>>> print(open('my_file22.cif').read())   # mmCIF, C-alpha atoms
data_run
#
loop_
_atom_site.label_atom_id
_atom_site.label_comp_id
_atom_site.auth_asym_id
_atom_site.auth_seq_id
_atom_site.Cartn_x
_atom_site.Cartn_y
_atom_site.Cartn_z
CA MET A 655 10.68 -15.69 15.85
CA LEU A 656 11.97 -16.23 12.35
CA PRO A 657 12.75 -13.38 9.94
CA THR A 658 9.58 -14.16 7.98
CA ALA A 659 7.52 -13.00 10.95
CA HIS A 660 9.20 -9.61 10.88
CA TYR A 661 8.33 -9.04 7.27
CA ILE A 662 4.79 -10.17 8.03
CA VAL A 663 4.54 -7.63 10.85
CA VAL A 664 5.80 -4.82 8.61
CA GLY A 665 3.43 -5.95 5.84
CA ALA A 666 0.52 -6.02 8.28
CA VAL A 667 1.30 -2.50 9.50
CA LEU A 668 1.48 -1.26 5.90
CA PHE A 669 -1.85 -2.93 5.14
CA ALA A 670 -3.48 -1.45 8.24
CA LEU A 671 -2.20 2.05 7.43
CA GLY A 672 -3.67 1.69 3.94
CA LEU A 673 -6.97 0.55 5.43
CA VAL A 674 -7.06 3.54 7.78
CA GLY A 675 -6.41 5.84 4.83
CA PHE A 676 -9.13 4.22 2.75
CA LEU A 677 -11.66 4.54 5.55
CA ALA A 678 -10.73 7.98 6.85
CA ARG A 679 -9.84 10.06 3.80
CA ARG A 680 -12.56 11.74 1.74
CA ASN A 681 -10.56 12.49 -1.40
CA LEU A 682 -11.28 9.75 -3.96
CA ILE A 683 -7.73 9.81 -5.34
CA VAL A 684 -6.13 9.51 -1.89
CA MET A 685 -8.52 6.65 -1.11
CA PHE A 686 -7.22 4.74 -4.11
CA LEU A 687 -3.62 5.63 -3.21
CA SER A 688 -4.32 4.01 0.17
CA THR A 689 -5.38 0.79 -1.58
CA GLU A 690 -2.02 0.83 -3.33
CA VAL A 691 -0.33 1.03 0.09
CA MET A 692 -2.36 -2.04 1.07
CA PHE A 693 -1.08 -3.78 -2.07
CA GLN A 694 2.49 -3.07 -0.94
CA GLY A 695 1.85 -4.81 2.38
CA VAL A 696 0.36 -7.83 0.64
CA MET A 697 3.25 -8.04 -1.79
CA LEU A 698 5.76 -7.93 1.06
CA ASN A 699 3.92 -10.82 2.72
CA ALA A 700 3.80 -12.89 -0.48
CA VAL A 701 7.54 -12.52 -0.99
CA ALA A 702 8.27 -13.22 2.68
CA PHE A 703 6.40 -16.53 2.44
CA SER A 704 8.17 -17.27 -0.84
CA ARG A 705 11.46 -16.78 1.00
CA MET A 706 10.32 -18.89 3.92
CA HIS A 707 9.46 -21.85 1.73
CA ARG A 708 12.44 -21.23 -0.56
CA HIS A 709 10.06 -21.44 -3.46
CA VAL A 710 9.38 -18.87 -6.21
CA GLU A 711 5.62 -19.36 -6.30
CA GLY A 712 5.09 -16.50 -3.87
CA GLN A 713 7.00 -14.20 -6.16
CA THR A 714 5.01 -15.37 -9.18
CA PHE A 715 1.86 -14.62 -7.25
CA ALA A 716 3.18 -11.17 -6.37
CA LEU A 717 3.86 -10.57 -10.07
CA PHE A 718 0.19 -11.26 -10.85
CA LEU A 719 -0.68 -8.94 -7.96
CA LEU A 720 1.21 -6.22 -9.83
CA VAL A 721 -0.89 -6.90 -12.94
CA ILE A 722 -4.10 -6.64 -10.94
CA ALA A 723 -2.86 -3.44 -9.28
CA ALA A 724 -2.19 -1.88 -12.68
CA VAL A 725 -5.65 -2.87 -13.93
CA GLU A 726 -7.25 -1.51 -10.76
CA ALA A 727 -5.37 1.78 -10.96
CA GLY A 728 -6.30 2.34 -14.59
CA LEU A 729 -9.99 1.62 -14.18
CA ALA A 730 -10.31 3.39 -10.81
CA LEU A 731 -8.73 6.55 -12.12
CA GLY A 732 -10.96 6.43 -15.21
CA LEU A 733 -13.96 6.26 -12.91
CA VAL A 734 -12.61 9.04 -10.69
CA VAL A 735 -12.21 11.33 -13.73
CA LEU A 736 -15.77 10.50 -14.77
CA LEU A 737 -17.13 11.27 -11.29
CA TYR A 738 -15.11 14.48 -11.13
CA ARG A 739 -16.48 15.70 -14.44
CA ARG A 740 -20.01 15.05 -13.26
CA ARG A 741 -19.92 16.79 -9.88
CA GLY A 742 -16.80 18.97 -10.02
CA THR A 743 -15.49 17.59 -6.74
CA LEU A 744 -13.40 14.66 -5.55
CA ASP A 745 -15.25 14.40 -2.27
CA ALA A 746 -16.48 10.87 -1.65
CA GLU A 747 -19.26 12.30 0.51
CA ALA A 748 -20.74 13.94 -2.59
CA TRP A 749 -21.84 10.48 -3.69
CA SER A 750 -23.29 9.42 -0.38
CA THR A 751 -26.79 9.40 -1.86
CA MET A 752 -25.81 6.13 -3.52
CA SER A 753 -25.68 4.45 -0.12
CA GLY A 754 -29.44 4.86 0.15
CA MET B 1460 7.01 -15.52 20.12
CA SER B 1461 6.73 -15.10 23.87
CA SER B 1462 3.48 -13.82 25.33
CA LEU B 1463 5.40 -10.83 26.70
CA GLY B 1464 6.59 -10.03 23.18
CA ALA B 1465 3.03 -10.28 21.87
CA LEU B 1466 1.78 -7.97 24.61
CA LEU B 1467 4.54 -5.48 23.84
CA LEU B 1468 3.63 -5.67 20.15
CA TYR B 1469 -0.03 -4.89 20.91
CA GLY B 1470 1.05 -1.94 23.06
CA VAL B 1471 3.24 -0.64 20.26
CA PHE B 1472 0.33 -0.95 17.82
CA ALA B 1473 -1.95 0.97 20.17
CA LEU B 1474 0.67 3.72 20.40
CA GLY B 1475 1.00 3.82 16.61
CA ALA B 1476 -2.77 3.95 16.20
CA ALA B 1477 -2.89 6.93 18.58
CA GLY B 1478 -0.17 8.64 16.55
CA VAL B 1479 -2.02 8.10 13.27
CA TYR B 1480 -5.24 9.36 14.86
CA LEU B 1481 -3.52 12.57 15.96
CA LEU B 1482 -1.93 13.01 12.53
CA LEU B 1483 -5.09 12.56 10.46
CA PRO B 1484 -6.25 15.91 9.07
CA ARG B 1485 -9.07 17.39 11.13
CA GLY B 1486 -8.92 21.04 10.15
CA GLU B 1487 -7.88 23.26 13.02
CA ARG B 1488 -7.85 20.35 15.45
CA THR B 1489 -5.05 18.45 13.71
CA ARG B 1490 -2.33 17.66 16.22
CA ALA B 1491 0.67 17.37 13.92
CA LEU B 1492 3.53 17.73 16.38
CA PRO B 1493 2.25 15.44 19.17
CA GLY B 1494 1.13 12.99 16.49
CA ALA B 1495 4.58 12.94 14.92
CA VAL B 1496 6.25 12.45 18.33
CA VAL B 1497 3.91 9.58 19.26
CA GLY B 1498 4.30 8.05 15.79
CA VAL B 1499 8.10 8.13 15.89
CA LEU B 1500 8.03 6.67 19.42
CA ALA B 1501 5.74 3.84 18.23
CA LEU B 1502 7.97 3.15 15.22
CA THR B 1503 11.13 3.02 17.35
CA ALA B 1504 9.39 0.75 19.86
CA LEU B 1505 8.20 -1.54 17.05
CA LEU B 1506 11.71 -1.94 15.66
CA VAL B 1507 13.17 -2.49 19.14
CA VAL B 1508 10.56 -5.17 19.95
CA LEU B 1509 11.23 -6.86 16.60
CA SER B 1510 15.00 -6.83 17.10
CA ALA B 1511 14.60 -8.26 20.61
CA GLU B 1512 12.55 -11.13 19.19
CA TRP B 1513 15.01 -11.98 16.45
CA VAL B 1514 16.51 -15.46 16.62
CA ALA B 1515 20.25 -15.17 17.08
CA PRO B 1516 21.67 -17.01 14.03
CA GLN B 1517 19.47 -15.02 11.67
CA ARG B 1518 20.41 -11.60 12.88
CA PRO B 1519 19.20 -9.00 10.39
CA THR B 1520 21.24 -6.37 8.69
CA ALA B 1521 20.56 -2.78 9.66
CA TYR B 1522 18.99 -2.36 6.23
CA PHE B 1523 15.83 -4.20 7.33
CA TYR B 1524 15.23 -1.65 10.08
CA LEU B 1525 16.18 1.30 7.87
CA PHE B 1526 13.88 0.39 4.98
CA SER B 1527 11.04 -0.73 7.26
CA ALA B 1528 11.18 2.64 9.00
CA VAL B 1529 11.20 4.50 5.67
CA ALA B 1530 8.28 2.42 4.36
CA LEU B 1531 6.17 2.90 7.49
CA ILE B 1532 6.85 6.64 7.80
CA GLY B 1533 6.11 7.06 4.09
CA ALA B 1534 2.85 5.08 4.37
CA CYS B 1535 1.82 7.14 7.38
CA ARG B 1536 2.37 10.35 5.43
CA VAL B 1537 0.50 9.01 2.37
CA VAL B 1538 -2.50 8.47 4.59
CA THR B 1539 -2.28 11.66 6.64
CA HIS B 1540 -0.99 14.37 4.31
CA SER B 1541 -3.66 16.90 3.45
CA ARG B 1542 -2.33 17.55 -0.05
CA PRO B 1543 -2.80 14.71 -2.57
CA VAL B 1544 0.33 15.56 -4.58
CA TYR B 1545 2.49 15.06 -1.50
CA SER B 1546 0.60 11.85 -0.72
CA ALA B 1547 1.51 10.54 -4.17
CA LEU B 1548 5.17 11.54 -3.75
CA TYR B 1549 5.36 9.87 -0.35
CA PHE B 1550 3.90 6.79 -1.99
CA VAL B 1551 6.94 6.72 -4.30
CA LEU B 1552 9.05 6.58 -1.13
CA VAL B 1553 6.98 3.63 0.13
CA VAL B 1554 7.43 1.80 -3.19
CA VAL B 1555 11.20 2.31 -3.20
CA ALA B 1556 11.51 1.16 0.43
CA VAL B 1557 9.36 -1.92 -0.20
CA ALA B 1558 11.46 -2.70 -3.28
CA ALA B 1559 14.56 -2.53 -1.07
CA LEU B 1560 12.92 -4.93 1.41
CA LEU B 1561 12.23 -7.29 -1.50
CA VAL B 1562 15.91 -7.14 -2.51
CA LEU B 1563 16.80 -8.10 1.07
CA GLN B 1564 14.68 -11.21 0.51
CA ASP B 1565 16.45 -12.13 -2.76
CA ALA B 1566 13.50 -11.11 -4.93
CA GLU B 1567 15.44 -8.84 -7.27
CA PHE B 1568 13.18 -9.29 -10.27
CA LEU B 1569 10.08 -8.35 -8.35
CA ALA B 1570 11.84 -5.36 -6.76
CA VAL B 1571 12.79 -3.93 -10.14
CA ALA B 1572 9.35 -4.70 -11.58
CA LEU B 1573 7.78 -2.95 -8.60
CA ILE B 1574 9.80 0.23 -9.17
CA ILE B 1575 9.19 0.25 -12.93
CA ILE B 1576 5.46 -0.48 -12.76
CA TYR B 1577 4.53 1.43 -9.60
CA ALA B 1578 6.90 4.37 -9.44
CA GLY B 1579 7.17 4.59 -13.22
CA ALA B 1580 3.68 3.92 -14.53
CA ILE B 1581 0.94 3.83 -11.92
CA LEU B 1582 2.21 6.83 -9.96
CA VAL B 1583 2.49 8.97 -13.08
CA THR B 1584 -1.14 8.18 -13.87
CA TYR B 1585 -2.12 9.16 -10.34
CA LEU B 1586 -0.19 12.41 -10.59
CA PHE B 1587 -1.88 13.22 -13.91
CA VAL B 1588 -5.32 12.79 -12.38
CA ILE B 1589 -4.36 14.77 -9.26
CA MET B 1590 -3.12 17.65 -11.42
CA LEU B 1591 -6.24 17.43 -13.58
CA ALA B 1592 -8.50 17.78 -10.57
CA GLN B 1593 -6.33 20.32 -8.77
CA GLN B 1594 -8.21 22.91 -6.76
CA SER B 1595 -6.83 26.39 -6.31
CA THR B 1596 -7.47 26.34 -2.57
CA GLU B 1597 -7.16 23.35 -0.30
CA PRO B 1598 -10.68 21.87 -0.36
CA THR B 1599 -12.58 20.92 2.78
CA TYR B 1600 -12.57 17.24 1.98
CA ASP B 1601 -8.77 17.17 2.18
CA ARG B 1602 -8.62 19.07 5.45
CA TYR B 1603 -11.15 16.96 7.35
CA ALA B 1604 -10.92 13.19 7.69
CA ARG B 1605 -14.10 11.14 7.83
CA GLU B 1606 -14.61 9.29 11.13
CA PRO B 1607 -10.88 9.20 12.02
CA LEU B 1608 -11.42 7.42 15.35
CA LEU B 1609 -13.48 4.56 13.90
CA ALA B 1610 -11.10 4.16 10.96
CA VAL B 1611 -8.05 4.00 13.23
CA LEU B 1612 -9.82 1.52 15.52
CA GLY B 1613 -10.68 -0.71 12.56
CA GLY B 1614 -7.13 -0.61 11.25
CA PHE B 1615 -5.74 -1.33 14.72
CA VAL B 1616 -7.94 -4.38 15.22
CA LEU B 1617 -6.97 -5.78 11.82
CA MET B 1618 -3.27 -5.13 12.43
CA ALA B 1619 -3.33 -6.72 15.87
CA ALA B 1620 -5.18 -9.75 14.51
CA VAL B 1621 -2.68 -10.32 11.69
CA ALA B 1622 0.59 -9.33 13.32
CA GLY B 1623 -0.21 -10.90 16.67
CA LYS B 1624 -0.30 -14.26 14.94
CA ALA B 1625 2.90 -13.60 12.98
CA GLY B 1626 5.04 -15.23 15.65
CA ASP B 1627 3.28 -18.56 15.18
CA VAL B 1628 3.65 -18.62 11.41
CA ALA B 1629 7.23 -19.76 11.15
CA ALA B 1630 6.88 -22.94 13.16
CA PRO B 1631 9.89 -25.09 12.19
CA ASN B 1632 7.91 -28.06 10.88
CA ALA B 1633 5.86 -25.81 8.62
CA VAL B 1634 8.98 -24.89 6.66
CA ARG B 1635 9.93 -26.91 3.56
CA THR B 1636 6.75 -28.89 3.21
CA LEU B 1637 6.39 -27.72 -0.38
CA PRO B 1638 8.52 -29.28 -3.10
CA VAL B 1639 11.58 -27.16 -3.75
CA VAL B 1640 11.39 -26.17 -7.40
CA ASN B 1641 13.66 -23.46 -8.76
CA GLN B 1642 15.25 -22.48 -5.50
CA VAL B 1643 15.28 -18.77 -4.80
CA ALA B 1644 18.82 -18.88 -3.52
CA SER B 1645 21.08 -21.79 -2.84
CA GLU B 1646 21.94 -22.77 0.69
CA THR B 1647 25.57 -21.75 0.23
CA ASP B 1648 24.67 -18.15 -0.57
CA GLY B 1649 25.54 -15.96 2.36
CA PRO B 1650 23.43 -12.99 3.32
CA GLY B 1651 23.72 -10.15 0.87
CA THR B 1652 24.78 -12.17 -2.15
CA ILE B 1653 22.73 -11.43 -5.23
CA SER B 1654 21.69 -14.57 -7.00
CA ALA B 1655 21.34 -14.09 -10.72
CA GLY B 1656 19.11 -17.13 -10.70
CA ASN B 1657 16.12 -15.24 -9.32
CA VAL B 1658 15.05 -13.78 -12.66
CA ALA B 1659 15.48 -17.14 -14.33
CA ALA B 1660 13.55 -18.91 -11.58
CA VAL B 1661 10.60 -16.50 -11.65
CA GLY B 1662 10.65 -16.46 -15.45
CA ALA B 1663 10.58 -20.24 -15.62
CA SER B 1664 7.71 -20.37 -13.15
CA VAL B 1665 5.67 -17.75 -15.04
CA MET B 1666 6.38 -19.13 -18.47
CA THR B 1667 5.79 -22.81 -17.77
CA ARG B 1668 3.48 -23.57 -14.90
CA TYR B 1669 1.52 -20.32 -14.92
CA VAL B 1670 1.55 -19.52 -18.62
CA VAL B 1671 -2.26 -19.64 -18.86
CA ALA B 1672 -2.54 -17.20 -15.96
CA LEU B 1673 -0.02 -14.99 -17.74
CA GLN B 1674 -2.16 -14.95 -20.89
CA ILE B 1675 -5.27 -14.18 -18.85
CA GLY B 1676 -3.38 -11.34 -17.18
CA GLY B 1677 -2.52 -9.92 -20.57
CA VAL B 1678 -6.14 -10.13 -21.71
CA LEU B 1679 -7.20 -8.49 -18.45
CA LEU B 1680 -4.83 -5.57 -19.07
CA LEU B 1681 -6.20 -5.20 -22.61
CA VAL B 1682 -9.79 -5.20 -21.36
CA ALA B 1683 -8.89 -2.64 -18.69
CA MET B 1684 -7.24 -0.43 -21.28
CA VAL B 1685 -10.27 -0.52 -23.57
CA GLY B 1686 -12.54 0.07 -20.58
CA ALA B 1687 -10.53 3.05 -19.35
CA VAL B 1688 -10.54 4.64 -22.81
CA ALA B 1689 -14.29 4.07 -23.15
CA LEU B 1690 -14.89 5.51 -19.68
CA SER B 1691 -12.87 8.65 -20.22
CA LYS B 1692 -14.34 9.35 -23.66
CA LYS B 1693 -17.87 9.22 -22.35
CA ARG B 1694 -19.66 12.55 -22.17
CA VAL B 1695 -21.36 13.05 -18.85
CA PRO B 1696 -23.87 15.74 -17.94
CA ALA B 1697 -22.46 18.13 -15.36
CA GLU B 1698 -24.77 18.15 -12.37
CA GLY B 1699 -25.15 21.50 -10.71
CA PHE B 1700 -22.11 23.17 -12.20
CA GLN B 1701 -21.26 24.36 -15.71
CA GLN B 1702 -18.27 22.65 -17.21
CA PRO B 1703 -16.73 24.79 -19.90
CA ALA B 1704 -17.44 28.33 -18.75
CA ARG B 1705 -15.15 28.44 -15.71
CA PRO B 1706 -11.85 26.88 -14.77
CA ILE B 1707 -11.85 23.26 -13.71
CA GLY B 1708 -12.67 22.65 -10.11
CA GLN B 1709 -14.81 25.67 -9.35
CA VAL B 1710 -18.34 24.94 -8.35
CA GLY B 1711 -21.18 27.03 -9.69
CA LYS B 1712 -23.18 29.58 -7.67
CA GLU B 1713 -26.40 27.61 -7.80
CA ALA B 1714 -27.03 25.10 -5.04
CA LEU B 1715 -25.70 21.62 -5.66
CA PRO B 1716 -28.36 18.91 -5.73
CA PHE B 1717 -26.85 17.00 -2.81
#
>>> encode(input="my_file22.cif", output="structure tokens")
Amino acid sequence: MLPTAHYIVVGAVLFALGLVGFLARRNLIVMFLSTEVMFQGVMLNAVAFSRMHRHVEGQTFALFLLVIAAVEAGLALGLVVLLYRRRGTLDAEAWSTMSG
Amino acid sequence: MSSLGALLLYGVFALGAAGVYLLLPRGERTRALPGAVVGVLALTALLVVLSAEWVAPQRPTAYFYLFSAVALIGACRVVTHSRPVYSALYFVLVVVAVAALLVLQDAEFLAVALIIIYAGAILVTYLFVIMLAQQSTEPTYDRYAREPLLAVLGGFVLMAAVAGKAGDVAAPNAVRTLPVVNQVASETDGPGTISAGNVAAVGASVMTRYVVALQIGGVLLLVAMVGAVALSKKRVPAEGFQQPARPIGQVGKEALPF
């Protein structure tokens, strides 16, 4: 088992923890924090593969991941503020009527 | 990876999933202490299984285990803490630990970028919004998780599917099939040496081969900025509660429409 595999395991555990948080938590802000934890796992994997192939492309890809994460955080928080001002709560269940 | 190692890994994941399930906030029924004990046991077992599987010439430094443990404990607390501010602060811990793991893999530029962008910019934005929407008492939706068992099961299945295959990834003939451009670190570098070439290598890659993607990323950030400003300036009708009359976060007496 090469070192890459260890980083992949740690990245997978981080991703899974983020997924559990996204599914289980009801606070909109904590849900989006959990997606950021998932991003951390993905980034760890990208860099581990970059190291494995001794090639910087994985790191370049992780850099673009950072850009996407920043965009996501900005827009998601804007939406969360909008939803909060409308209903006065951060509970995701308050918007369950949208699921039909 | 041996089949015994894979089996051990699945067992460790099941243990960790049980720990996370116990730790998730469920009001009075939260089992914090047993959850913490099971979680720490699972973490220790994971690191022991990983160290047992490590190929001898590439023995890791203790830092890998240290920072992995910090990252995983931090992530667990982000997900399970019932107060969002603490979740955000634990996330800073996760970011710092992941940045350290990136340094261990000779990705110094990305590690520093991660700390600056995540811990410096994104987290501050999160904290602002958390403070803005702060409730005086701990609200119900923070004290009760939604379907904790199903969520933990879903996460466990995903984790087992990905990490169970991790042992097969690094098959020797899969390594070095790509052309080696801008090597991350030269072969002569021992473990722990910091190669100044990493920043140059990533910079060259971004600025030459992926320059169009870089420009698109910039445009994307601009669009997101304009969008966020437009979103937050928009006036929305308050449904079921009066906005200005009472402090933020308190819901009106009249019944909410949902």
>>> interface_residues(input="my_file22.cif", of="chain A", to="chain B", cutoff="6 Å", atoms="only C-alpha atoms", output="PyMOL selection string")
chain A and resi 655+659+663+666+670+673-675+677-680+707-709+725+729+732+740-742+745
>>> closest_residue(input="my_file22.cif", among="A:Ala730, A:Val735, A:Met697, A:Leu671", to="A:Phe718", atoms="all atoms listed in the file")
A:Met697
>>> atom_distance(input="my_file22.cif", atom1="atom CA of B:Ala1465", atom2="atom CA of A:Met706")
21.2 Å
>>> atom_distance(input="my_file22.cif", atom1="atom CA of A:Ser704", atom2="atom CA of B:Val1562")
12.9 Å
>>> atom_distance(input="my_file22.cif", atom1="atom CA of B:Val1529", atom2="atom CA of B:Ala1556")
6.2 Å
>>> closest_residue(input="my_file22.cif", among="A:Pro657, A:Gly712, A:Gly672, A:Gly665", to="A:Met692", atoms="only C-alpha atoms")
A:Gly672
>>> closest_residue(input="my_file22.cif", among="A:Leu682, A:Leu687, A:Ala727, A:Ala702", to="A:Glu747", atoms="all atoms listed in the file")
A:Leu682
>>> closest_residue(input="my_file22.cif", among="B:Ala1473, B:Leu1563, B:Leu1525, B:Val1583", to="A:Arg705", atoms="all atoms listed in the file")
B:Leu1563
